[in-house]
Amino acid sequence: YLTGDEEAVFPKQLARNAAVKLSYQISRKFQLIGYTTRDRSFNEADIQIAPFGATVDFAHSPYEQTNPFDWRPYVYKGELRGTPSNRLLFDVQYGKSGYKLDYGVQEEALTKPTMYDRTTLMLTGSNIPHLSDFNFWVLDANATFLPPGEFLGRHELKFGYHLQRRDNHSVRPRNQAGDYALLFDNGVPAEFESNNAPVDPTAWDNVNSFYVTDQWRMGRRVTLNLGLRYDHQHSFVPEQSREAGMFAPAATFEKVEVLKYGHLAPRVALAWD
């Protein structure tokens with residue numbers, strides 16, 4: 001490498017997007033909306049990580065040391081909204097988004113271990129494969145109600161609920177060439193670095209929120225805004241197991257509670273005109 005007579009490489013890149021949105025008027029009072037989008041970004045040669053804290057750059061990384069990069073984000077969404085009466089209206093939305101990300105190994109390097117020379121700064125052999133799988137769910141629901149009559153003034157009541165769930169997988173699969181990297185000093189073997197693979201950890205974060213508000217018009221010049229909101233969050237790592245790897249035995253890990261709390265937040269505001 002770096003002899004000046006290497007064959008030039010022109011990696012191909014691909015980017016595409018498809019989106020669809022549909023709206024259906026169920027009746028004069030109700031409407032249904034759906035939306036989805038799918039994307040893909042692909043690069044035949046990308047670099048993200050390197051062993052031994054090496055600098056990631058194309059100047060010292062031949063084609064065999066790059067990763068085929070494949071990123072596929074997506075969004076799905078459905079919405080129902082309506083006005084059942086002249087005193088009640090609502091809107092409910094549910095959606096899911098996320099992506100799948102794959103950093104593979106070049107075919108010509110499938111059987112070549114990862115190598116780094118800290119004198120020449122050259123990275124050779126296969127790069128370290130890794131994958132990500134991220135998913136995000138959201139539910140939003142709200143309603144507004146105008147009570148008939150008056151009770152010490154006019155009222156406008158609002159109710160709402162919010163849910164979001166997230167899970168993230170960061171996968172380190174087996175490397176066909178071996179789950180290790182070799183360090184050299186100007187071609188002389190110096191160090192050995194083992195990789196913790198295969199692993200497929202997952203973590204969860206769940207949030208629930210409820211609220212109710214009342215815009216209380218007590219007269220022509222005075223409005224009292226009352227509200228109450230409750231938020232609950234639960235973040236945890238579920239119990240999970242791993243297969244035996246080249247340098248690590250099979251194991252099962254207990255559930256880990258990261259964060260769990262709930263907060264109640266009242267709100268009072270007065271407007272005078």
# chains A, B, ... in the order shown; residues from 1 in each chain; ligands from 1
$ residues_around --residues "stretch 71-79 of chain A" --least-positions-apart "3" --cutoff "7 Å" --atoms "only C-alpha atoms" --output "PyMOL selection string"
chain A and resi 32-42+92-102
$ select_by_dssp --residues "stretch 67-211 of chain A" --states "strand (DSSP E)" --output "ChimeraX atom specification"
/A:67-85,88-103,114-117,122-124,130-145,154-171,180-185,188-194,202-211
$ closest_residue --among "A:Asn135, A:Thr83, A:Ala250, A:His162" --to "A:Thr202" --atoms "only C-alpha atoms"
A:Asn135
$ residues_around --residues "A:Lys158" --least-positions-apart "2" --cutoff "12 Å" --atoms "only C-alpha atoms" --output "ChimeraX atom specification"
/A:87-91,141-147,155-156,160-161,210-216,225-229
$ write_last_selection --atoms "C-alpha atoms" --output "PDB file, in the first residue's frame"
ATOM      1  CA  ARG A  87     -69.118  20.665  22.057  1.00  0.00           C
ATOM      2  CA  LEU A  88     -66.567  17.889  21.628  1.00  0.00           C
ATOM      3  CA  LEU A  89     -63.583  17.437  19.351  1.00  0.00           C
ATOM      4  CA  PHE A  90     -60.702  14.987  19.527  1.00  0.00           C
ATOM      5  CA  ASP A  91     -57.498  13.940  17.790  1.00  0.00           C
ATOM      6  CA  ALA A 141     -54.500  11.631  22.177  1.00  0.00           C
ATOM      7  CA  ASN A 142     -56.323  14.794  23.151  1.00  0.00           C
ATOM      8  CA  ALA A 143     -59.888  16.009  23.433  1.00  0.00           C
ATOM      9  CA  THR A 144     -61.592  19.352  24.029  1.00  0.00           C
ATOM     10  CA  PHE A 145     -65.011  19.594  25.651  1.00  0.00           C
ATOM     11  CA  LEU A 146     -67.207  22.672  26.086  1.00  0.00           C
ATOM     12  CA  PRO A 147     -69.721  21.936  28.869  1.00  0.00           C
ATOM     13  CA  HIS A 155     -65.416  26.399  30.909  1.00  0.00           C
ATOM     14  CA  GLU A 156     -63.255  24.828  28.203  1.00  0.00           C
ATOM     15  CA  GLY A 160     -54.617  14.506  26.867  1.00  0.00           C
ATOM     16  CA  TYR A 161     -52.406  11.440  26.964  1.00  0.00           C
ATOM     17  CA  PHE A 210     -51.545  12.613  31.323  1.00  0.00           C
ATOM     18  CA  TYR A 211     -52.973  16.113  31.583  1.00  0.00           C
ATOM     19  CA  VAL A 212     -56.227  17.981  32.119  1.00  0.00           C
ATOM     20  CA  THR A 213     -56.811  21.728  31.825  1.00  0.00           C
ATOM     21  CA  ASP A 214     -59.728  24.080  32.382  1.00  0.00           C
ATOM     22  CA  GLN A 215     -59.906  27.534  30.841  1.00  0.00           C
ATOM     23  CA  TRP A 216     -62.425  29.115  33.186  1.00  0.00           C
ATOM     24  CA  ASN A 225     -56.385  28.710  33.731  1.00  0.00           C
ATOM     25  CA  LEU A 226     -56.152  25.509  35.759  1.00  0.00           C
ATOM     26  CA  GLY A 227     -54.131  22.440  34.857  1.00  0.00           C
ATOM     27  CA  LEU A 228     -52.770  19.186  36.204  1.00  0.00           C
ATOM     28  CA  ARG A 229     -50.141  16.997  34.529  1.00  0.00           C
TER      29      ARG A 229
END
$ closest_atom_pairs --of "stretch 131-180 of chain A" --to "stretch 48-70 of chain A" --cutoff "12 Å" --atoms "only C-alpha atoms" --output "JSON lines"
{"residue": "A:Leu131", "atom": "CA", "partner": "A:Asp70", "partner_atom": "CA", "distance": 9.6}
{"residue": "A:Ser132", "atom": "CA", "partner": "A:Asp70", "partner_atom": "CA", "distance": 10.6}
{"residue": "A:Asp133", "atom": "CA", "partner": "A:Asp70", "partner_atom": "CA", "distance": 12.0}
{"residue": "A:Asp179", "atom": "CA", "partner": "A:Pro51", "partner_atom": "CA", "distance": 11.4}
{"residue": "A:Tyr180", "atom": "CA", "partner": "A:Pro51", "partner_atom": "CA", "distance": 9.1}
$ write_last_selection --atoms "N, CA, C and O atoms" --output "compact mmCIF listing (two decimals), in the first residue's frame"
# COMPACT_ATOMS: atom_id res chain seq x y z
N LEU A 131 -24.05 -3.54 13.87
CA LEU A 131 -25.41 -3.24 13.42
C LEU A 131 -26.15 -2.48 14.51
O LEU A 131 -25.83 -2.60 15.70
N SER A 132 -27.16 -1.72 14.10
CA SER A 132 -28.05 -1.03 15.04
C SER A 132 -29.49 -1.22 14.58
O SER A 132 -29.77 -1.23 13.38
N ASP A 133 -30.38 -1.35 15.56
CA ASP A 133 -31.82 -1.49 15.28
C ASP A 133 -32.55 -0.64 16.30
O ASP A 133 -32.65 -1.00 17.47
N ASP A 179 -12.61 -12.50 16.02
CA ASP A 179 -13.00 -11.35 16.84
C ASP A 179 -11.79 -10.79 17.58
O ASP A 179 -11.71 -10.80 18.82
N TYR A 180 -10.85 -10.28 16.82
CA TYR A 180 -9.64 -9.71 17.40
C TYR A 180 -8.99 -8.78 16.37
O TYR A 180 -9.33 -8.78 15.18
$ closest_residue --among "A:Gln31, A:Asn17, A:Gln176, A:Ser209" --to "A:Phe159" --atoms "only C-alpha atoms"
A:Ser209
$ closest_residue --among "A:Leu224, A:Val138, A:Leu157, A:Val199" --to "A:Trp272" --atoms "only C-alpha atoms"
A:Leu224
$ residues_around --residues "stretch 114-121 of chain A" --least-positions-apart "6" --cutoff "6 Å" --atoms "only C-alpha atoms" --output "ChimeraX atom specification"
/A:127,181-186
$ residues_around --residues "A:Arg172" --least-positions-apart "6" --cutoff "10 Å" --atoms "only C-alpha atoms" --output "list in words"
Tyr103, Ile128, Pro129, His130, Leu131, Ser132, Asp179, Asn195, Asn196, Ala197, Pro198, Val199, Asp200 and Pro201 of chain A
$ write_last_selection --atoms "all heavy atoms" --output "compact mmCIF listing (two decimals), in the first residue's frame"
# COMPACT_ATOMS: atom_id res chain seq x y z
N TYR A 103 -23.26 -2.08 9.21
CA TYR A 103 -21.89 -1.91 8.74
C TYR A 103 -21.31 -3.30 8.55
O TYR A 103 -21.02 -4.01 9.51
CB TYR A 103 -21.05 -1.14 9.76
CG TYR A 103 -21.30 0.35 9.78
CD1 TYR A 103 -22.18 0.91 10.71
CD2 TYR A 103 -20.66 1.20 8.88
CE1 TYR A 103 -22.41 2.27 10.74
CE2 TYR A 103 -20.90 2.57 8.89
CZ TYR A 103 -21.76 3.09 9.83
OH TYR A 103 -22.00 4.44 9.85
N ILE A 128 -14.39 -3.90 11.58
CA ILE A 128 -15.22 -4.55 12.61
C ILE A 128 -16.69 -4.38 12.24
O ILE A 128 -17.18 -3.25 12.15
CB ILE A 128 -14.93 -3.95 13.99
CG1 ILE A 128 -13.44 -4.10 14.31
CG2 ILE A 128 -15.79 -4.60 15.06
CD1 ILE A 128 -12.99 -3.33 15.53
N PRO A 129 -17.44 -5.46 12.02
CA PRO A 129 -18.85 -5.33 11.66
C PRO A 129 -19.70 -4.93 12.87
O PRO A 129 -19.42 -5.34 14.00
CB PRO A 129 -19.23 -6.73 11.17
CG PRO A 129 -18.30 -7.64 11.91
CD PRO A 129 -17.01 -6.88 12.07
N HIS A 130 -20.73 -4.13 12.64
CA HIS A 130 -21.67 -3.78 13.70
C HIS A 130 -23.00 -3.36 13.09
O HIS A 130 -23.06 -2.91 11.94
CB HIS A 130 -21.11 -2.70 14.63
CG HIS A 130 -20.61 -1.48 13.93
ND1 HIS A 130 -19.47 -1.45 13.16
CD2 HIS A 130 -21.10 -0.21 13.88
CE1 HIS A 130 -19.27 -0.24 12.68
NE2 HIS A 130 -20.25 0.53 13.09
N LEU A 131 -24.05 -3.54 13.87
CA LEU A 131 -25.41 -3.24 13.42
C LEU A 131 -26.15 -2.48 14.51
O LEU A 131 -25.83 -2.60 15.70
CB LEU A 131 -26.19 -4.52 13.08
CG LEU A 131 -25.62 -5.49 12.06
CD1 LEU A 131 -24.79 -6.56 12.77
CD2 LEU A 131 -26.74 -6.14 11.28
N SER A 132 -27.16 -1.72 14.10
CA SER A 132 -28.05 -1.03 15.04
C SER A 132 -29.49 -1.22 14.58
O SER A 132 -29.77 -1.23 13.38
CB SER A 132 -27.73 0.46 15.12
OG SER A 132 -26.48 0.69 15.71
N ASP A 179 -12.61 -12.50 16.02
CA ASP A 179 -13.00 -11.35 16.84
C ASP A 179 -11.79 -10.79 17.58
O ASP A 179 -11.71 -10.80 18.82
CB ASP A 179 -14.11 -11.77 17.82
CG ASP A 179 -15.39 -12.14 17.10
OD1 ASP A 179 -15.78 -11.41 16.18
OD2 ASP A 179 -15.98 -13.19 17.44
N ASN A 195 -12.11 -8.62 20.75
CA ASN A 195 -13.41 -7.95 20.65
C ASN A 195 -14.48 -8.77 21.37
O ASN A 195 -14.50 -9.99 21.28
CB ASN A 195 -13.81 -7.77 19.18
CG ASN A 195 -12.89 -6.81 18.45
OD1 ASN A 195 -12.37 -5.88 19.03
ND2 ASN A 195 -12.67 -7.06 17.16
N ASN A 196 -15.33 -8.07 22.07
CA ASN A 196 -16.41 -8.72 22.82
C ASN A 196 -17.56 -9.00 21.86
O ASN A 196 -18.45 -8.17 21.65
CB ASN A 196 -16.87 -7.82 23.96
CG ASN A 196 -17.92 -8.49 24.82
OD1 ASN A 196 -18.01 -9.72 24.88
ND2 ASN A 196 -18.71 -7.69 25.52
N ALA A 197 -17.56 -10.16 21.24
CA ALA A 197 -18.58 -10.52 20.26
C ALA A 197 -18.82 -12.04 20.34
O ALA A 197 -17.92 -12.79 20.72
CB ALA A 197 -18.14 -10.12 18.86
N PRO A 198 -20.05 -12.47 20.01
CA PRO A 198 -21.19 -11.65 19.58
C PRO A 198 -21.98 -11.11 20.78
O PRO A 198 -22.13 -11.80 21.79
CB PRO A 198 -22.03 -12.66 18.79
CG PRO A 198 -21.78 -13.97 19.49
CD PRO A 198 -20.34 -13.91 19.94
N VAL A 199 -22.49 -9.90 20.63
CA VAL A 199 -23.36 -9.31 21.64
C VAL A 199 -24.53 -8.63 20.94
O VAL A 199 -24.37 -8.08 19.84
CB VAL A 199 -22.62 -8.31 22.56
CG1 VAL A 199 -21.66 -9.03 23.48
CG2 VAL A 199 -21.88 -7.26 21.74
N ASP A 200 -25.68 -8.65 21.58
CA ASP A 200 -26.89 -8.03 21.03
C ASP A 200 -27.68 -7.39 22.16
O ASP A 200 -28.78 -7.83 22.51
CB ASP A 200 -27.73 -9.08 20.30
CG ASP A 200 -28.97 -8.49 19.64
OD1 ASP A 200 -29.08 -7.25 19.59
OD2 ASP A 200 -29.84 -9.27 19.21
N PRO A 201 -27.12 -6.36 22.81
CA PRO A 201 -27.81 -5.74 23.95
C PRO A 201 -29.00 -4.90 23.51
O PRO A 201 -29.02 -4.34 22.41
CB PRO A 201 -26.72 -4.87 24.57
CG PRO A 201 -25.84 -4.50 23.42
CD PRO A 201 -25.84 -5.71 22.52
$ atom_distance --atom1 "atom CA of A:Gly104" --atom2 "atom CA of A:Asn43"
10.8 Å
$ select_by_dssp --residues "stretch 2-237 of chain A" --states "helix (DSSP H, G or I)" --output "ChimeraX atom specification"
/A:51-53,58-60,63-65,107-109
$ write_last_selection --atoms "N, CA and C atoms" --output "short mmCIF file (atom, residue, chain, number, x, y, z; two decimals), in the first residue's frame"
data_model
loop_
_atom_site.label_atom_id
_atom_site.label_comp_id
_atom_site.auth_asym_id
_atom_site.auth_seq_id
_atom_site.Cartn_x
_atom_site.Cartn_y
_atom_site.Cartn_z
N PRO A 51 -9.60 -0.14 15.48
CA PRO A 51 -9.05 -0.69 16.73
C PRO A 51 -7.92 0.18 17.27
N PHE A 52 -7.57 -0.07 18.54
CA PHE A 52 -6.42 0.56 19.19
C PHE A 52 -6.47 2.08 19.18
N GLY A 53 -7.66 2.64 19.08
CA GLY A 53 -7.78 4.10 19.07
C GLY A 53 -7.21 4.75 17.83
N PHE A 58 -9.51 7.81 5.29
CA PHE A 58 -9.38 7.04 4.06
C PHE A 58 -7.94 7.01 3.54
N ALA A 59 -7.12 7.97 3.97
CA ALA A 59 -5.74 8.02 3.47
C ALA A 59 -4.93 6.80 3.89
N HIS A 60 -5.30 6.20 5.03
CA HIS A 60 -4.55 5.05 5.53
C HIS A 60 -5.43 3.80 5.62
N TYR A 63 -9.42 -0.16 0.43
CA TYR A 63 -10.82 -0.55 0.22
C TYR A 63 -11.22 -1.73 1.09
N GLU A 64 -10.34 -2.71 1.26
CA GLU A 64 -10.69 -3.90 2.04
C GLU A 64 -11.02 -3.56 3.48
N GLN A 65 -10.52 -2.42 3.98
CA GLN A 65 -10.70 -2.07 5.39
C GLN A 65 -11.96 -1.24 5.63
N GLU A 107 -16.20 -8.13 0.91
CA GLU A 107 -16.07 -9.54 0.54
C GLU A 107 -14.62 -9.98 0.43
N GLU A 108 -13.75 -9.13 -0.07
CA GLU A 108 -12.35 -9.50 -0.25
C GLU A 108 -11.59 -9.61 1.08
N ALA A 109 -12.22 -9.14 2.18
CA ALA A 109 -11.53 -9.16 3.48
C ALA A 109 -12.20 -10.08 4.48
#
$ closest_residue --among "A:Ala244, A:Val258, A:Glu150, A:Asp231" --to "A:Arg217" --atoms "only C-alpha atoms"
A:Glu150
$ residues_around --residues "A:Ala177" --least-positions-apart "6" --cutoff "7 Å" --atoms "only C-alpha atoms" --output "JSON, numbers by chain"
{"A": [110, 111, 112, 113]}
$ write_last_selection --atoms "N, CA, C and O atoms" --output "mmCIF file, in the first residue's frame"
data_model
loop_
_atom_site.group_PDB
_atom_site.id
_atom_site.type_symbol
_atom_site.label_atom_id
_atom_site.label_comp_id
_atom_site.auth_asym_id
_atom_site.auth_seq_id
_atom_site.Cartn_x
_atom_site.Cartn_y
_atom_site.Cartn_z
ATOM 1 N N LEU A 110 -13.124 -10.924 4.027
ATOM 2 C CA LEU A 110 -13.887 -11.764 4.946
ATOM 3 C C LEU A 110 -13.006 -12.662 5.811
ATOM 4 O O LEU A 110 -13.360 -12.993 6.941
ATOM 5 N N THR A 111 -11.876 -13.088 5.307
ATOM 6 C CA THR A 111 -11.006 -14.004 6.059
ATOM 7 C C THR A 111 -9.722 -13.329 6.540
ATOM 8 O O THR A 111 -8.806 -14.004 7.020
ATOM 9 N N LYS A 112 -9.653 -11.996 6.435
ATOM 10 C CA LYS A 112 -8.447 -11.279 6.863
ATOM 11 C C LYS A 112 -8.692 -10.603 8.213
ATOM 12 O O LYS A 112 -9.615 -9.797 8.341
ATOM 13 N N PRO A 113 -7.906 -10.903 9.230
ATOM 14 C CA PRO A 113 -8.105 -10.258 10.526
ATOM 15 C C PRO A 113 -7.817 -8.760 10.458
ATOM 16 O O PRO A 113 -7.090 -8.287 9.577
#
